[in-house]
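Next comes target-v2.tsv, with TSV, N, CA and C atoms.
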chain	number	residue	atom	x	y	z
L	77	MET	N	5.15	2.36	-0.07
L	77	MET	CA	4.57	2.84	1.17
L	77	MET	C	3.09	3.08	0.97
L	78	GLY	N	2.27	2.60	1.88
L	78	GLY	CA	0.83	2.76	1.77
L	78	GLY	C	0.37	4.11	2.31
L	79	ILE	N	-0.79	4.51	1.85
L	79	ILE	CA	-1.42	5.74	2.33
L	79	ILE	C	-2.53	5.30	3.27
L	80	TRP	N	-2.48	5.77	4.51
L	80	TRP	CA	-3.43	5.35	5.52
L	80	TRP	C	-4.60	6.31	5.56
L	81	GLN	N	-5.83	5.78	5.49
L	81	GLN	CA	-7.03	6.62	5.50
L	81	GLN	C	-7.84	6.44	6.76
L	82	GLY	N	-7.20	6.02	7.82
L	82	GLY	CA	-7.90	5.79	9.08
L	82	GLY	C	-8.11	7.07	9.85
L	83	ARG	N	-8.60	6.90	11.07
L	83	ARG	CA	-8.87	8.02	11.95
L	83	ARG	C	-7.57	8.66	12.43
L	84	SER	N	-7.57	9.96	12.54
L	84	SER	CA	-6.38	10.68	12.97
L	84	SER	C	-6.08	10.38	14.44
L	85	ARG	N	-4.84	10.52	14.82
L	85	ARG	CA	-4.46	10.29	16.22
L	85	ARG	C	-4.49	11.59	17.01
L	86	ARG	N	-4.99	12.65	16.38
L	86	ARG	CA	-5.11	13.94	17.05
L	86	ARG	C	-6.54	14.46	16.97
L	87	LYS	N	-6.95	15.19	17.99
L	87	LYS	CA	-8.26	15.85	17.97
L	87	LYS	C	-8.17	17.10	17.11
L	88	ARG	N	-9.32	17.68	16.84
L	88	ARG	CA	-9.32	18.94	16.08
L	88	ARG	C	-8.57	20.03	16.82
L	89	THR	N	-8.62	19.99	18.14
L	89	THR	CA	-7.95	20.99	18.95
L	89	THR	C	-6.45	20.78	19.01
L	90	GLY	N	-5.98	19.61	18.54
L	90	GLY	CA	-4.56	19.31	18.59
L	90	GLY	C	-4.19	18.36	19.70
L	91	GLY	N	-5.15	18.07	20.57
L	91	GLY	CA	-4.89	17.14	21.67
L	91	GLY	C	-4.76	15.71	21.17
L	92	ARG	N	-4.19	14.87	21.99
L	92	ARG	CA	-3.94	13.47	21.61
L	92	ARG	C	-5.19	12.63	21.79
L	93	LEU	N	-5.47	11.77	20.81
L	93	LEU	CA	-6.56	10.81	20.90
L	93	LEU	C	-5.97	9.45	21.22
L	94	ARG	N	-6.51	8.78	22.21
L	94	ARG	CA	-6.03	7.44	22.53
L	94	ARG	C	-6.60	6.46	21.50
L	95	PRO	N	-5.75	5.77	20.73
L	95	PRO	CA	-6.27	4.86	19.71
L	95	PRO	C	-7.05	3.70	20.32
L	96	ILE	N	-8.17	3.33	19.68
L	96	ILE	CA	-8.98	2.23	20.18
L	96	ILE	C	-8.54	0.91	19.56
L	97	ARG	N	-7.72	0.96	18.52
L	97	ARG	CA	-7.22	-0.25	17.87
L	97	ARG	C	-6.03	0.13	17.01
L	98	LYS	N	-5.38	-0.89	16.45
L	98	LYS	CA	-4.28	-0.65	15.54
L	98	LYS	C	-4.80	-0.39	14.14
L	99	LYS	N	-3.89	-0.14	13.21
L	99	LYS	CA	-4.30	0.09	11.82
L	99	LYS	C	-4.83	-1.19	11.21
L	100	ARG	N	-5.78	-1.04	10.27
L	100	ARG	CA	-6.39	-2.18	9.61
L	100	ARG	C	-6.09	-2.12	8.12
L	101	ARG	N	-6.10	-3.30	7.48
L	101	ARG	CA	-5.75	-3.37	6.06
L	101	ARG	C	-6.75	-2.61	5.20
L	102	PHE	N	-8.03	-2.60	5.57
L	102	PHE	CA	-9.03	-1.93	4.75
L	102	PHE	C	-8.95	-0.41	4.86
L	103	GLU	N	-8.12	0.10	5.75
L	103	GLU	CA	-7.92	1.54	5.87
L	103	GLU	C	-6.79	2.05	5.00
L	104	ILE	N	-6.12	1.14	4.28
L	104	ILE	CA	-5.01	1.53	3.42
L	104	ILE	C	-5.55	1.95	2.06
L	105	ALA	N	-5.12	3.10	1.56
L	105	ALA	CA	-5.54	3.59	0.24
L	105	ALA	C	-4.56	3.12	-0.82
L	106	ARG	N	-4.94	3.26	-2.06
L	106	ARG	CA	-4.06	2.89	-3.17
L	106	ARG	C	-3.11	4.04	-3.48
L	107	GLU	N	-2.00	3.70	-4.12
L	107	GLU	CA	-1.06	4.73	-4.54
L	107	GLU	C	-1.70	5.59	-5.62
L	108	LEU	N	-1.31	6.85	-5.69
L	108	LEU	CA	-1.90	7.77	-6.67
L	108	LEU	C	-1.38	7.46	-8.07
L	109	GLN	N	-2.31	7.37	-9.01
L	109	GLN	CA	-1.98	7.24	-10.43
L	109	GLN	C	-2.94	8.17	-11.16
L	110	HIS	N	-2.42	9.25	-11.70
L	110	HIS	CA	-3.26	10.26	-12.31
L	110	HIS	C	-3.60	9.93	-13.75
L	111	ALA	N	-4.81	10.31	-14.15
L	111	ALA	CA	-5.23	10.16	-15.54
L	111	ALA	C	-4.66	11.32	-16.34
L	112	THR	N	-3.97	11.01	-17.43
L	112	THR	CA	-3.37	12.05	-18.26
L	112	THR	C	-3.82	11.87	-19.70
L	113	ILE	N	-3.44	12.83	-20.54
L	113	ILE	CA	-3.79	12.78	-21.96
L	113	ILE	C	-2.74	11.96	-22.70
L	114	GLY	N	-3.21	11.01	-23.50
L	114	GLY	CA	-2.32	10.14	-24.26
L	114	GLY	C	-3.12	8.99	-24.86
L	115	PRO	N	-2.44	8.02	-25.46
L	115	PRO	CA	-3.17	6.86	-26.01
L	115	PRO	C	-3.90	6.12	-24.89
L	116	GLY	N	-5.10	5.64	-25.18
L	116	GLY	CA	-5.97	5.09	-24.15
L	116	GLY	C	-5.43	3.88	-23.41
L	117	THR	N	-5.35	3.97	-22.08
L	117	THR	CA	-4.95	2.86	-21.22
L	117	THR	C	-5.88	2.84	-20.01
L	118	VAL	N	-6.47	1.68	-19.72
L	118	VAL	CA	-7.36	1.53	-18.58
L	118	VAL	C	-6.87	0.37	-17.74
L	119	LYS	N	-6.93	0.51	-16.43
L	119	LYS	CA	-6.46	-0.52	-15.51
L	119	LYS	C	-7.62	-0.95	-14.61
L	120	LYS	N	-7.78	-2.25	-14.39
L	120	LYS	CA	-8.83	-2.77	-13.52
L	120	LYS	C	-8.29	-2.97	-12.11
L	121	TYR	N	-9.13	-2.66	-11.12
L	121	TYR	CA	-8.77	-2.87	-9.73
L	121	TYR	C	-9.87	-3.66	-9.04
L	122	ARG	N	-9.47	-4.64	-8.25
L	122	ARG	CA	-10.43	-5.32	-7.40
L	122	ARG	C	-10.53	-4.51	-6.12
L	123	VAL	N	-11.73	-4.17	-5.75
L	123	VAL	CA	-11.95	-3.39	-4.54
L	123	VAL	C	-12.74	-4.22	-3.55
L	124	ARG	N	-13.09	-3.64	-2.43
L	124	ARG	CA	-13.76	-4.38	-1.36
L	124	ARG	C	-15.09	-4.95	-1.85
L	125	GLY	N	-15.38	-6.17	-1.45
L	125	GLY	CA	-16.60	-6.83	-1.87
L	125	GLY	C	-16.46	-7.49	-3.23
L	126	ALA	N	-15.24	-7.70	-3.69
L	126	ALA	CA	-14.96	-8.30	-4.99
L	126	ALA	C	-15.52	-7.50	-6.14
L	127	ASN	N	-15.76	-6.21	-5.93
L	127	ASN	CA	-16.20	-5.32	-7.01
L	127	ASN	C	-15.00	-4.89	-7.82
L	128	VAL	N	-15.26	-4.31	-8.99
L	128	VAL	CA	-14.18	-3.89	-9.87
L	128	VAL	C	-14.33	-2.41	-10.19
L	129	LYS	N	-13.24	-1.67	-10.04
L	129	LYS	CA	-13.20	-0.27	-10.47
L	129	LYS	C	-12.22	-0.17	-11.62
L	130	MET	N	-12.53	0.70	-12.57
L	130	MET	CA	-11.67	0.92	-13.72
L	130	MET	C	-10.97	2.27	-13.52
L	131	ARG	N	-9.67	2.29	-13.72
L	131	ARG	CA	-8.92	3.53	-13.58
L	131	ARG	C	-8.28	3.87	-14.91
L	132	ILE	N	-8.54	5.08	-15.38
L	132	ILE	CA	-7.92	5.54	-16.62
L	132	ILE	C	-6.52	6.02	-16.29
L	133	LEU	N	-5.53	5.52	-17.02
L	133	LEU	CA	-4.17	6.01	-16.87
L	133	LEU	C	-3.88	7.05	-17.95
L	134	THR	N	-4.26	6.75	-19.19
L	134	THR	CA	-4.14	7.74	-20.28
L	134	THR	C	-5.40	7.66	-21.14
L	135	VAL	N	-5.79	8.79	-21.69
L	135	VAL	CA	-6.99	8.86	-22.54
L	135	VAL	C	-6.81	10.00	-23.53
L	136	ASN	N	-7.38	9.86	-24.73
L	136	ASN	CA	-7.29	10.95	-25.70
L	136	ASN	C	-8.65	11.36	-26.24
L	137	THR	N	-9.75	10.71	-25.77
L	137	THR	CA	-11.09	11.10	-26.19
L	137	THR	C	-12.00	11.23	-24.98
L	138	ALA	N	-13.08	11.98	-25.16
L	138	ALA	CA	-14.06	12.16	-24.10
L	138	ALA	C	-15.46	12.08	-24.69
L	139	ASN	N	-16.41	11.58	-23.91
L	139	ASN	CA	-17.81	11.58	-24.30
L	139	ASN	C	-18.39	12.93	-23.90
L	140	VAL	N	-18.69	13.78	-24.89
L	140	VAL	CA	-19.12	15.16	-24.61
L	140	VAL	C	-20.60	15.29	-24.89
L	141	PHE	N	-21.33	15.83	-23.90
L	141	PHE	CA	-22.76	16.13	-24.06
L	141	PHE	C	-22.91	17.62	-24.30
L	142	ASP	N	-23.68	17.96	-25.33
L	142	ASP	CA	-23.93	19.37	-25.65
L	142	ASP	C	-25.35	19.71	-25.21
L	143	PRO	N	-25.53	20.54	-24.16
L	143	PRO	CA	-26.87	20.85	-23.66
L	143	PRO	C	-27.73	21.62	-24.67
L	144	ALA	N	-27.10	22.36	-25.58
L	144	ALA	CA	-27.86	23.14	-26.56
L	144	ALA	C	-28.57	22.22	-27.56
L	145	THR	N	-27.87	21.20	-28.06
L	145	THR	CA	-28.45	20.29	-29.05
L	145	THR	C	-28.98	19.01	-28.43
L	146	LYS	N	-28.72	18.79	-27.12
L	146	LYS	CA	-29.14	17.58	-26.40
L	146	LYS	C	-28.56	16.31	-27.03
L	147	LYS	N	-27.34	16.39	-27.56
L	147	LYS	CA	-26.70	15.23	-28.16
L	147	LYS	C	-25.31	15.06	-27.57
L	148	SER	N	-24.83	13.81	-27.59
L	148	SER	CA	-23.48	13.54	-27.11
L	148	SER	C	-22.68	12.88	-28.21
L	149	GLN	N	-21.37	13.10	-28.17
L	149	GLN	CA	-20.48	12.52	-29.17
L	149	GLN	C	-19.10	12.34	-28.58
L	150	VAL	N	-18.32	11.47	-29.20
L	150	VAL	CA	-16.95	11.22	-28.77
L	150	VAL	C	-16.05	12.25	-29.45
L	151	VAL	N	-15.27	12.98	-28.65
L	151	VAL	CA	-14.47	14.09	-29.15
L	151	VAL	C	-13.03	13.94	-28.67
L	152	LYS	N	-12.09	14.35	-29.50
L	152	LYS	CA	-10.66	14.29	-29.15
L	152	LYS	C	-10.31	15.40	-28.18
L	153	ILE	N	-9.55	15.06	-27.14
L	153	ILE	CA	-9.09	16.05	-26.15
L	153	ILE	C	-7.80	16.68	-26.65
L	154	VAL	N	-7.75	18.03	-26.59
L	154	VAL	CA	-6.55	18.75	-27.01
L	154	VAL	C	-5.63	18.97	-25.82
L	155	THR	N	-6.15	19.60	-24.76
L	155	THR	CA	-5.34	19.90	-23.58
L	155	THR	C	-6.24	20.21	-22.39
L	156	VAL	N	-5.63	20.31	-21.21
L	156	VAL	CA	-6.33	20.72	-20.00
L	156	VAL	C	-6.15	22.22	-19.85
L	157	ARG	N	-7.25	22.94	-19.74
L	157	ARG	CA	-7.20	24.40	-19.63
L	157	ARG	C	-7.17	24.87	-18.18
L	158	GLU	N	-7.97	24.20	-17.31
L	158	GLU	CA	-8.10	24.64	-15.92
L	158	GLU	C	-8.45	23.43	-15.08
L	159	ASN	N	-7.93	23.39	-13.84
L	159	ASN	CA	-8.26	22.29	-12.95
L	159	ASN	C	-8.37	22.83	-11.53
L	160	PRO	N	-9.59	22.89	-10.99
L	160	PRO	CA	-9.76	23.45	-9.64
L	160	PRO	C	-9.16	22.59	-8.55
L	161	ALA	N	-8.91	21.29	-8.82
L	161	ALA	CA	-8.33	20.41	-7.81
L	161	ALA	C	-6.90	20.83	-7.47
L	162	ASN	N	-6.14	21.22	-8.49
L	162	ASN	CA	-4.75	21.59	-8.27
L	162	ASN	C	-4.25	22.36	-9.49
L	163	PRO	N	-3.74	23.58	-9.33
L	163	PRO	CA	-3.26	24.34	-10.48
L	163	PRO	C	-2.10	23.67	-11.22
L	164	ASN	N	-1.31	22.85	-10.52
L	164	ASN	CA	-0.19	22.17	-11.17
L	164	ASN	C	-0.66	21.08	-12.12
L	165	TYR	N	-1.89	20.60	-11.96
L	165	TYR	CA	-2.42	19.57	-12.84
L	165	TYR	C	-2.59	20.08	-14.27
L	166	VAL	N	-2.73	21.40	-14.45
L	166	VAL	CA	-2.89	21.97	-15.79
L	166	VAL	C	-1.60	21.77	-16.59
L	167	GLN	N	-0.46	22.03	-15.98
L	167	GLN	CA	0.82	21.88	-16.66
L	167	GLN	C	1.11	20.42	-16.98
L	168	ARG	N	0.63	19.51	-16.14
L	168	ARG	CA	0.91	18.09	-16.32
L	168	ARG	C	-0.19	17.37	-17.10
L	169	ASN	N	-1.24	18.11	-17.54
L	169	ASN	CA	-2.37	17.55	-18.30
L	169	ASN	C	-3.05	16.40	-17.55
L	170	ILE	N	-3.31	16.61	-16.25
L	170	ILE	CA	-3.97	15.59	-15.43
L	170	ILE	C	-5.47	15.86	-15.39
L	171	LEU	N	-6.26	14.80	-15.60
L	171	LEU	CA	-7.71	14.91	-15.63
L	171	LEU	C	-8.30	14.49	-14.29
L	172	THR	N	-9.19	15.32	-13.75
L	172	THR	CA	-9.97	14.98	-12.57
L	172	THR	C	-11.38	15.50	-12.80
L	173	LYS	N	-12.28	15.13	-11.91
L	173	LYS	CA	-13.64	15.65	-12.01
L	173	LYS	C	-13.61	17.16	-11.80
L	174	GLY	N	-14.30	17.90	-12.67
L	174	GLY	CA	-14.34	19.35	-12.58
L	174	GLY	C	-13.31	20.04	-13.44
L	175	ALA	N	-12.39	19.30	-14.04
L	175	ALA	CA	-11.36	19.90	-14.90
L	175	ALA	C	-12.00	20.44	-16.17
L	176	ILE	N	-11.50	21.57	-16.65
L	176	ILE	CA	-11.98	22.15	-17.90
L	176	ILE	C	-10.99	21.79	-18.99
L	177	LEU	N	-11.50	21.12	-20.03
L	177	LEU	CA	-10.67	20.65	-21.12
L	177	LEU	C	-10.95	21.43	-22.39
L	178	GLU	N	-9.93	21.54	-23.22
L	178	GLU	CA	-10.11	22.08	-24.56
L	178	GLU	C	-10.21	20.88	-25.50
L	179	THR	N	-11.32	20.82	-26.24
L	179	THR	CA	-11.54	19.74	-27.19
L	179	THR	C	-11.77	20.32	-28.58
L	180	GLU	N	-12.02	19.43	-29.53
L	180	GLU	CA	-12.30	19.89	-30.89
L	180	GLU	C	-13.61	20.66	-30.96
L	181	LEU	N	-14.55	20.38	-30.04
L	181	LEU	CA	-15.83	21.10	-30.00
L	181	LEU	C	-15.73	22.42	-29.28
L	182	GLY	N	-14.77	22.58	-28.40
L	182	GLY	CA	-14.64	23.77	-27.57
L	182	GLY	C	-14.33	23.35	-26.14
L	183	LEU	N	-14.69	24.22	-25.19
L	183	LEU	CA	-14.40	23.94	-23.78
L	183	LEU	C	-15.46	23.03	-23.19
L	184	VAL	N	-15.01	22.06	-22.41
L	184	VAL	CA	-15.92	21.13	-21.73
L	184	VAL	C	-15.45	20.95	-20.29
L	185	ARG	N	-16.41	20.57	-19.42
L	185	ARG	CA	-16.09	20.29	-18.02
L	185	ARG	C	-16.30	18.80	-17.76
L	186	VAL	N	-15.32	18.17	-17.13
L	186	VAL	CA	-15.39	16.74	-16.84
L	186	VAL	C	-16.40	16.51	-15.72
L	187	ARG	N	-17.34	15.59	-15.95
L	187	ARG	CA	-18.37	15.30	-14.97
L	187	ARG	C	-18.23	13.90	-14.36
L	188	SER	N	-17.32	13.07	-14.87
L	188	SER	CA	-17.11	11.74	-14.30
L	188	SER	C	-15.81	11.75	-13.51
L	189	ARG	N	-15.54	10.65	-12.82
L	189	ARG	CA	-14.29	10.52	-12.07
L	189	ARG	C	-13.40	9.53	-12.81
L	190	PRO	N	-12.45	10.02	-13.62
L	190	PRO	CA	-11.63	9.13	-14.44
L	190	PRO	C	-10.85	8.11	-13.62
L	191	GLY	N	-10.48	8.43	-12.40
L	191	GLY	CA	-9.73	7.51	-11.58
L	191	GLY	C	-10.56	6.37	-11.03
L	192	GLN	N	-11.90	6.45	-11.09
L	192	GLN	CA	-12.74	5.40	-10.54
L	192	GLN	C	-13.77	4.87	-11.53
L	193	ASP	N	-14.15	5.67	-12.52
L	193	ASP	CA	-15.20	5.25	-13.45
L	193	ASP	C	-14.65	4.58	-14.70
L	194	GLY	N	-13.44	4.89	-15.08
L	194	GLY	CA	-12.85	4.29	-16.27
L	194	GLY	C	-13.31	4.93	-17.55
L	195	VAL	N	-13.92	6.11	-17.48
L	195	VAL	CA	-14.40	6.81	-18.66
L	195	VAL	C	-14.37	8.31	-18.38
L	196	VAL	N	-14.24	9.11	-19.44
L	196	VAL	CA	-14.27	10.57	-19.28
L	196	VAL	C	-15.56	11.07	-19.93
L	197	ASN	N	-16.51	11.46	-19.07
L	197	ASN	CA	-17.74	12.08	-19.54
L	197	ASN	C	-17.64	13.57	-19.25
L	198	ALA	N	-18.05	14.40	-20.22
L	198	ALA	CA	-17.91	15.83	-20.07
L	198	ALA	C	-19.15	16.53	-20.62
L	199	VAL	N	-19.35	17.78	-20.18
L	199	VAL	CA	-20.45	18.61	-20.65
L	199	VAL	C	-19.86	19.87	-21.25
L	200	ARG	N	-20.35	20.23	-22.43
L	200	ARG	CA	-19.85	21.42	-23.11
L	200	ARG	C	-20.30	22.65	-22.34
L	201	ILE	N	-19.39	23.61	-22.18
L	201	ILE	CA	-19.73	24.85	-21.48
L	201	ILE	C	-19.64	26.00	-22.47
L	202	ALA	N	-20.38	27.06	-22.16
L	202	ALA	CA	-20.42	28.21	-23.06
L	202	ALA	C	-19.06	28.91	-23.07
L	203	GLU	N	-18.65	29.33	-24.23
L	203	GLU	CA	-17.38	30.07	-24.37
L	203	GLU	C	-17.52	31.41	-23.66
L	204	PRO	N	-16.53	31.85	-22.90
L	204	PRO	CA	-16.63	33.15	-22.24
L	204	PRO	C	-16.58	34.27	-23.28
L	205	ALA	N	-17.36	35.32	-23.02
L	205	ALA	CA	-17.39	36.45	-23.95
L	205	ALA	C	-16.06	37.20	-23.88
L	206	ARG	N	-15.47	37.44	-25.02
L	206	ARG	CA	-14.18	38.13	-25.06
L	206	ARG	C	-14.37	39.64	-25.17
L	207	ALA	N	-13.59	40.37	-24.41
L	207	ALA	CA	-13.67	41.84	-24.44
L	207	ALA	C	-13.00	42.37	-25.69
L	208	LYS	N	-13.58	43.41	-26.25
L	208	LYS	CA	-13.04	44.00	-27.48
L	208	LYS	C	-12.05	45.10	-27.17
Please rewrite the model in this file as structure tokens.
Amino acid sequence: MGIWQGRSRRKRTGGRLRPIRKKRRFEIARELQHATIGPGTVKKYRVRGANVKMRILTVNTANVFDPATKKSQVVKIVTVRENPANPNYVQRNILTKGAILETELGLVRVRSRPGQDGVVNAVRIAEPARAK
């Protein structure tokens, strides 16, 4: 079953909108495939205009930039600590933009879109101060 991304048939007020046309093929979205932690798998998609998008299905490393040292390195991902997109994504280890990951270097925030960019770029964040 396709996911339709066209215009709603209802107004914001809840009233009915008379459709100006039927559904179009370019308004159909792709099925959801979440990026998770595991051995690296990337899938290519042809998108509109014969362009190519890369979707990460599983990944176990991230390109981490450290603002303190101004250097980046490839680091192994341990787990997902927090995900503002959906709290259930933490239990399922799903990566999205803005997710906070635990890596070998410490906590990092994902700055790329793994579902569209085909890579996980992250920035190291300061460890929160622990109360004594």
Can you tell me, as lines of an AutoDock Vina configuration file, the centre and edge lengths (Å, one decimal) of the axis-aligned box enclosing all of stretch 95-104 of chain L's listed atoms after padding each side by 8 Å?
center_x = -6.5
center_y = 1.2
center_z = 11.4
size_x = 21.1
size_y = 25.1
size_z = 34.7
Excluding L:Asn162 and residues on its chain fewer than 6 positions from it, collect all residues at most 12 Å away from it, counting only C-alpha atoms, and give them as a list of chain:residue names.
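Returned residues: L:Val156, L:Arg168, L:Asn169, L:Ile170, L:Leu171, L:Thr172, L:Lys173, L:Gly174, L:Ala175.
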Please, could you write that set of residues out with N, CA and C atoms as a short mmCIF file (atom, residue, chain, number, x, y, z; two decimals), keeping the file's coordinate frame?
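Dumped everything to part35.cif:
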data_model
loop_
_atom_site.label_atom_id
_atom_site.label_comp_id
_atom_site.auth_asym_id
_atom_site.auth_seq_id
_atom_site.Cartn_x
_atom_site.Cartn_y
_atom_site.Cartn_z
N VAL L 156 -5.63 20.31 -21.21
CA VAL L 156 -6.33 20.72 -20.00
C VAL L 156 -6.15 22.22 -19.85
N ARG L 168 0.63 19.51 -16.14
CA ARG L 168 0.91 18.09 -16.32
C ARG L 168 -0.19 17.37 -17.10
N ASN L 169 -1.24 18.11 -17.54
CA ASN L 169 -2.37 17.55 -18.30
C ASN L 169 -3.05 16.40 -17.55
N ILE L 170 -3.31 16.61 -16.25
CA ILE L 170 -3.97 15.59 -15.43
C ILE L 170 -5.47 15.86 -15.39
N LEU L 171 -6.26 14.80 -15.60
CA LEU L 171 -7.71 14.91 -15.63
C LEU L 171 -8.30 14.49 -14.29
N THR L 172 -9.19 15.32 -13.75
CA THR L 172 -9.97 14.98 -12.57
C THR L 172 -11.38 15.50 -12.80
N LYS L 173 -12.28 15.13 -11.91
CA LYS L 173 -13.64 15.65 -12.01
C LYS L 173 -13.61 17.16 -11.80
N GLY L 174 -14.30 17.90 -12.67
CA GLY L 174 -14.34 19.35 -12.58
C GLY L 174 -13.31 20.04 -13.44
N ALA L 175 -12.39 19.30 -14.04
CA ALA L 175 -11.36 19.90 -14.90
C ALA L 175 -12.00 20.44 -16.17
#
Give me, as a ChimeraX atom specification, the residues of stretch 97-197 of chain L that a backbone DSSP run labels strand (DSSP E). /L:104-105,111-113,117-123,127-135,137-142,147-158,170-171,176-179,183-186,197
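Atom CA of L:Thr117 is positioned 21.5 Å from atom CA of L:Ala105.
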Between L:Lys87, L:Arg157, L:Lys152, L:Lys146, smallest distance to L:Thr179 by all atoms listed in the file belongs to L:Lys152
Q) L:Phe102, L:Trp80, L:Tyr165, L:Phe141: which is nearest L:Ile201, counting only C-alpha atoms? A)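 Distance minimum relative to L:Ile201 lands on L:Phe141.
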Proximity to L:Ile153 - best of L:Thr137, L:Val186, L:Ser84, L:His110, only N, CA and C atoms: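 Closest candidate: L:Thr137.
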Using only C-alpha atoms, the best pick from L:Asn127, L:Val135, L:Arg83, L:Leu108 as closest to L:Ile96 would be L:Arg83
From atom C of L:Ser188 to atom C of L:Glu107 the spacing works out at 17.3 Å
